[in-house]
Amino acid sequence: MKDKIEKDPFAVPWPLANSRIFRTLVANPLGMLLGLRQCRKIYRQLPESESPEDFCRTVLQRLDVACVPEGHGLDRVPRQGPAIVVANHPFGAIEGVAMIEALRRIRPDAKVLANTLLEGFPQLREALIGVDIFSGAQGGGVNIGPVRQAIRHVREGGALLIFPAGEVSHLQLRRREVADPPWQTSVGALIRHCRAPVIPVYIPGRNSMLFQLVGLMHPRLRTLLLGRALLAHRGGAVRLRGGRPIPWARLAECTDDRERIDYLRLRTYLLGAAESGDENTASFLGDEPAAVIAAQATELLAREVARLPSGQMLLQSGPLQVWQAEAGQIPYLLLEIGRLREVTFRAVGEGTGRSFDLDRFDQEYLHLFLWHSERQELVGAYRVGCCDRLLERFGRQGLYTHTLFKYRRRLFDAIGPALELGRSFVRPEYQKSYSPLLLLWKGIGRFVVENPRYRVLFGPVSITRDYSELSRRLIAGTLHAELPLPQLSRLVKPRVPFHAKARIRGCSGKLARTFCGSMDQVAPLVADIEVQQKGIPVLLRHYLNLGGKLLTFNLDPQFSDVLDGLILVDLMQTDRKTIQRYLGREGAEAFFTYQRLLNGQREALCA
């Protein structure tokens with residue numbers, strides 16, 4: 001206790017501090033106004049603490065501040081081995097107390113790289129590596145020893161906490177938001193020397209508007225107000241939202257330390273976008289959705305399947321069978337398809353809001369469905385439109401996707417015979433396995449083998465309202481940039497355009513564009529944003545694996561504001577091994593042979 005009161009960590013080196021008159025007329029009133037006097041009083045009343053985490057826990061209890069984990073909190077911090085935790089710095093003091101207490105509860109070896117001012121608290125010295133690494137080049141050789149100590153601590157298997165901004169978040173006038181100043185490149189260099197996984201942690205919140213406005217006058221005024229800001233959190237909460245560990249291998253891909261620390265800032269602030277995740281539920285425009293119709297009788301469904309010609313079964317795997325049928329052959333089964341579509345789509349924020357999901361196109365399209373022969377139940381289905389036949393009979397109005405996109409006729413002259421795929425689903429109880437969707441696609445592959453003139457597949461791929469708006473914008477914007485087909489895109493226009501520009505709080509637009517150049521880059525970002533830890537939509541990943549290219553995006557107000565990307569796959573451009581997975585080795589060779597002969601005939605005619 002003696003050591004605790006020998007030094008006053010709340011003392012300010014005022015000018016004329018030794019003058020009694022100055023202390024009486026200026027220093028003491030300012031100390032009270034700035035909250036320093038009350039902070040000092042609380043500090044001196046604290047009981048002895050045996051460890052830094054005990055001290056921090058006592059401070060939180062004395063201020064009645066709760067430390068609230070959100071999502072996975074700090075659960076993803078490795079329990080042993082080298083690790084670095086980086087966090088934004090919204091308040092300036094209370095989040096440091098909360099982070100030290102929470103982190104050392106799970107990692108007793110954790111230390112925090114912090115300003116030497118905190119060494120004024122002897123209870124924290126065990127957990128501190130005091131260094132002003134945030135001064136960059138101006139820090140010179142003064143900080144070499146402490147930085148080496150931090151690197152050595154991590155390399156020896158310890159955990160290290162860093163607030164890379166080095167100062168509290170404040171008002172950024174150009175972006176009109178409160179956020180950290182630029183994170184320091186020196187932290188990126190330290191991480192490079194440690195070569196350890198990094199866990200980003202986002203702490204929501206900000207200090208008062210008075211704090212922000214005063215800070216605009218002079219940065220040091222913010223420091224003077226930190227005591228007042230600390231007291232302002234009494235009775236409140238500090239929320240900690242941790243992300244996935246980022247392996248060193250990913251950080252090593254960055255070109256330099258600046259890019260490395262910018263990437264960590266992006267990953268940290270993206271966790272803040274998860275705040276709106278709970279709002280991403282299905283919302284039908286207008287009236288409440290109608291009750292879904294009852295399931296069709298099992299015996300009626302089984303009877304329709306039994307009546308189908310055996311040649312319409314495309315393949316079988318154990319009890320699972322893939323069939324193709326026209327609407328007139330399966331009236332009851334088609335009703336069950338409509339029922340299960342609505343049930344499945346509503347579960348992910350889609351759906352028509354009607355009692356079943358069938359429309360006028362179902363009568364003219366083929367239906368590929370997955371049937372469980374032992375359970376006598378429908379597992380999933382795909383709707384397939386043979387565009388050459390539909391265009392001949394009905395024109396562009398005969399295509400479902402024409403309700404979402406405006407086509408020029410030249411598009412179909414350019415791509416040739418094509419299959420429009422859509423309205424796919426696998427009923428919820430079968431979604432834990434990838435095999436039902438795989439079987440449906442193998443069924444499509446078998447259909448292509450039997451009808452090899454169709455080398456192009458296209459259709460809408462949905463990004464539902466179950467995803468946050470930021471995730472939808474990141475996915476859409478990246479697809480626009482990475483997978484364009486400019487010559488064909490000019491022949492398609494969305495009926496309700498979607499503007500895919502993404503704005504990430506706390507990060508500049510340039511920063512977002514730097515790290516969102518491919519779907520491989522965006523996938524972990526989306527997984528961090530989403531409360532339920534979703535990645536890229538499964539069907540979209542599937543089309544991308546086939547070499548799919550994007551034509552455009554449309555927002556569908558008739559289907560719960562689902563965002564539909566029009567994806568086109570040219571099977572002749574798809575990786576050969578991937579094609580063989582769905583068409584089979586012999587089927588793929590037969591398909592390629594047919595297409596080569598067809599191309600030869602076209603070239604001969606042109607000659």
# chains A, B, ... in the order shown; residues from 1 in each chain; ligands from 1
call {"tool": "closest_atom_pairs", "arguments": {"of": "segment 128-203 of chain A", "to": "segment 237-256 of chain A", "cutoff": "7 Å", "atoms": "only C-alpha atoms", "output": "tab-separated table"}}
result
residue	atom	partner	partner_atom	distance
A:Arg195	CA	A:Trp248	CA	5.5
A:Ala196	CA	A:Trp248	CA	5.6
A:Pro197	CA	A:Pro247	CA	4.4
A:Val198	CA	A:Ile246	CA	5.1
A:Ile199	CA	A:Pro245	CA	4.5
A:Pro200	CA	A:Gly243	CA	5.4
A:Val201	CA	A:Gly242	CA	4.3
A:Tyr202	CA	A:Arg241	CA	5.2
A:Ile203	CA	A:Leu240	CA	5.2
call {"tool": "write_last_selection", "arguments": {"atoms": "C-alpha atoms", "output": "PDB file, in the first residue's frame"}}
result
ATOM      1  CA  ARG A 195       5.332 -14.206 -36.593  1.00  0.00           C
ATOM      2  CA  ALA A 196       2.434 -15.164 -34.314  1.00  0.00           C
ATOM      3  CA  PRO A 197      -1.309 -15.440 -34.950  1.00  0.00           C
ATOM      4  CA  VAL A 198      -3.219 -12.217 -34.311  1.00  0.00           C
ATOM      5  CA  ILE A 199      -6.702 -12.055 -32.786  1.00  0.00           C
ATOM      6  CA  PRO A 200      -8.638  -8.836 -33.535  1.00  0.00           C
ATOM      7  CA  VAL A 201     -11.017  -7.492 -30.885  1.00  0.00           C
ATOM      8  CA  TYR A 202     -13.551  -4.749 -31.526  1.00  0.00           C
ATOM      9  CA  ILE A 203     -14.834  -2.616 -28.642  1.00  0.00           C
TER      10      ILE A 203
END
call {"tool": "residues_around", "arguments": {"residues": "segment 460-477 of chain A", "least_positions_apart": "2", "cutoff": "8 Å", "atoms": "only C-alpha atoms", "output": "VMD selection string"}}
result
chain A and resid 273 to 274 276 to 277 280 to 282 348 to 350 401 421 to 422 458 479 to 481 499 to 504 516 519 522 526 529 to 530 536 to 537 539 to 540 553 560 to 567
call {"tool": "write_last_selection", "arguments": {"atoms": "C-alpha atoms", "output": "PDB file, in the first residue's frame"}}
result
ATOM      1  CA  ALA A 273     -20.582  -4.449 -38.408  1.00  0.00           C
ATOM      2  CA  ALA A 274     -21.936  -7.471 -36.522  1.00  0.00           C
ATOM      3  CA  SER A 276     -26.698  -5.028 -36.916  1.00  0.00           C
ATOM      4  CA  GLY A 277     -26.670  -8.794 -37.328  1.00  0.00           C
ATOM      5  CA  ASN A 280     -31.059  -9.475 -40.443  1.00  0.00           C
ATOM      6  CA  THR A 281     -34.177 -11.587 -40.271  1.00  0.00           C
ATOM      7  CA  ALA A 282     -36.784 -12.220 -42.903  1.00  0.00           C
ATOM      8  CA  VAL A 348     -32.932 -17.859 -44.546  1.00  0.00           C
ATOM      9  CA  GLY A 349     -34.783 -14.585 -44.965  1.00  0.00           C
ATOM     10  CA  GLU A 350     -36.260 -15.224 -48.411  1.00  0.00           C
ATOM     11  CA  THR A 401     -34.862 -14.431 -65.018  1.00  0.00           C
ATOM     12  CA  LEU A 421     -31.170 -22.898 -63.330  1.00  0.00           C
ATOM     13  CA  GLY A 422     -33.050 -21.616 -60.328  1.00  0.00           C
ATOM     14  CA  PHE A 458     -26.902 -19.427 -65.956  1.00  0.00           C
ATOM     15  CA  LEU A 479     -17.830 -10.077 -57.715  1.00  0.00           C
ATOM     16  CA  HIS A 480     -18.320  -7.017 -59.905  1.00  0.00           C
ATOM     17  CA  ALA A 481     -14.595  -6.303 -59.762  1.00  0.00           C
ATOM     18  CA  HIS A 499     -25.412  -0.149 -55.521  1.00  0.00           C
ATOM     19  CA  ALA A 500     -22.612  -2.274 -54.131  1.00  0.00           C
ATOM     20  CA  LYS A 501     -20.305   0.403 -52.714  1.00  0.00           C
ATOM     21  CA  ALA A 502     -19.411  -0.680 -49.166  1.00  0.00           C
ATOM     22  CA  ARG A 503     -18.558   1.740 -46.351  1.00  0.00           C
ATOM     23  CA  ILE A 504     -16.827   0.263 -43.317  1.00  0.00           C
ATOM     24  CA  CYS A 516     -11.538  -6.956 -51.115  1.00  0.00           C
ATOM     25  CA  MET A 519     -13.714 -13.767 -53.022  1.00  0.00           C
ATOM     26  CA  VAL A 522     -13.724 -11.433 -48.750  1.00  0.00           C
ATOM     27  CA  VAL A 526     -17.908 -11.913 -44.184  1.00  0.00           C
ATOM     28  CA  ILE A 529     -19.187  -9.721 -39.830  1.00  0.00           C
ATOM     29  CA  GLU A 530     -21.971 -12.264 -39.554  1.00  0.00           C
ATOM     30  CA  ILE A 536     -20.009 -17.001 -48.625  1.00  0.00           C
ATOM     31  CA  PRO A 537     -23.380 -18.568 -49.656  1.00  0.00           C
ATOM     32  CA  LEU A 539     -24.552 -22.046 -53.958  1.00  0.00           C
ATOM     33  CA  LEU A 540     -22.498 -18.997 -54.887  1.00  0.00           C
ATOM     34  CA  PHE A 553     -27.031  -7.834 -59.645  1.00  0.00           C
ATOM     35  CA  SER A 560     -38.052 -10.313 -49.446  1.00  0.00           C
ATOM     36  CA  ASP A 561     -35.480  -7.955 -51.013  1.00  0.00           C
ATOM     37  CA  VAL A 562     -33.172 -10.825 -51.918  1.00  0.00           C
ATOM     38  CA  LEU A 563     -30.075  -9.747 -53.830  1.00  0.00           C
ATOM     39  CA  ASP A 564     -29.761 -11.875 -56.982  1.00  0.00           C
ATOM     40  CA  GLY A 565     -26.531 -12.105 -58.909  1.00  0.00           C
ATOM     41  CA  LEU A 566     -26.885 -13.329 -62.480  1.00  0.00           C
ATOM     42  CA  ILE A 567     -24.104 -15.913 -62.791  1.00  0.00           C
TER      43      ILE A 567
END
call {"tool": "residues_around", "arguments": {"residues": "segment 407-412 of chain A", "least_positions_apart": "2", "cutoff": "7 Å", "atoms": "only C-alpha atoms", "output": "PDB file with C-alpha atoms, in the first residue's frame"}}
result
ATOM      1  CA  HIS A 402     -36.446 -11.928 -67.412  1.00  0.00           C
ATOM      2  CA  PHE A 405     -33.220  -8.663 -65.608  1.00  0.00           C
ATOM      3  CA  ALA A 414     -23.864 -14.830 -78.137  1.00  0.00           C
ATOM      4  CA  ILE A 415     -24.097 -17.653 -75.581  1.00  0.00           C
ATOM      5  CA  GLY A 416     -25.988 -20.189 -77.693  1.00  0.00           C
ATOM      6  CA  LEU A 488     -22.129  -9.841 -72.151  1.00  0.00           C
ATOM      7  CA  LEU A 491     -26.609  -6.940 -72.889  1.00  0.00           C
ATOM      8  CA  VAL A 492     -28.236  -7.295 -69.430  1.00  0.00           C
ATOM      9  CA  LYS A 493     -29.713  -4.664 -67.116  1.00  0.00           C
TER      10      LYS A 493
END
call {"tool": "select_by_dssp", "arguments": {"residues": "segment 367-484 of chain A", "states": "strand (DSSP E or B)", "output": "PyMOL selection string"}}
result
chain A and resi 367-372+377-386+405-407+418-426+456-463+484
call {"tool": "closest_residue", "arguments": {"among": "A:Gln521, A:Thr574, A:Asn451, A:Ser49", "to": "Phe591 of chain A", "atoms": "only C-alpha atoms"}}
result
A:Asn451
call {"tool": "residues_around", "arguments": {"residues": "segment 58-65 of chain A", "least_positions_apart": "6", "cutoff": "12 Å", "atoms": "only C-alpha atoms", "output": "ChimeraX atom specification"}}
result
/A:38-39,41-52,93-102,123-124,230-239
call {"tool": "atom_distance", "arguments": {"atom1": "atom CA of Gln573 of chain A", "atom2": "atom CA of Asn545 of chain A"}}
result
11.5 Å
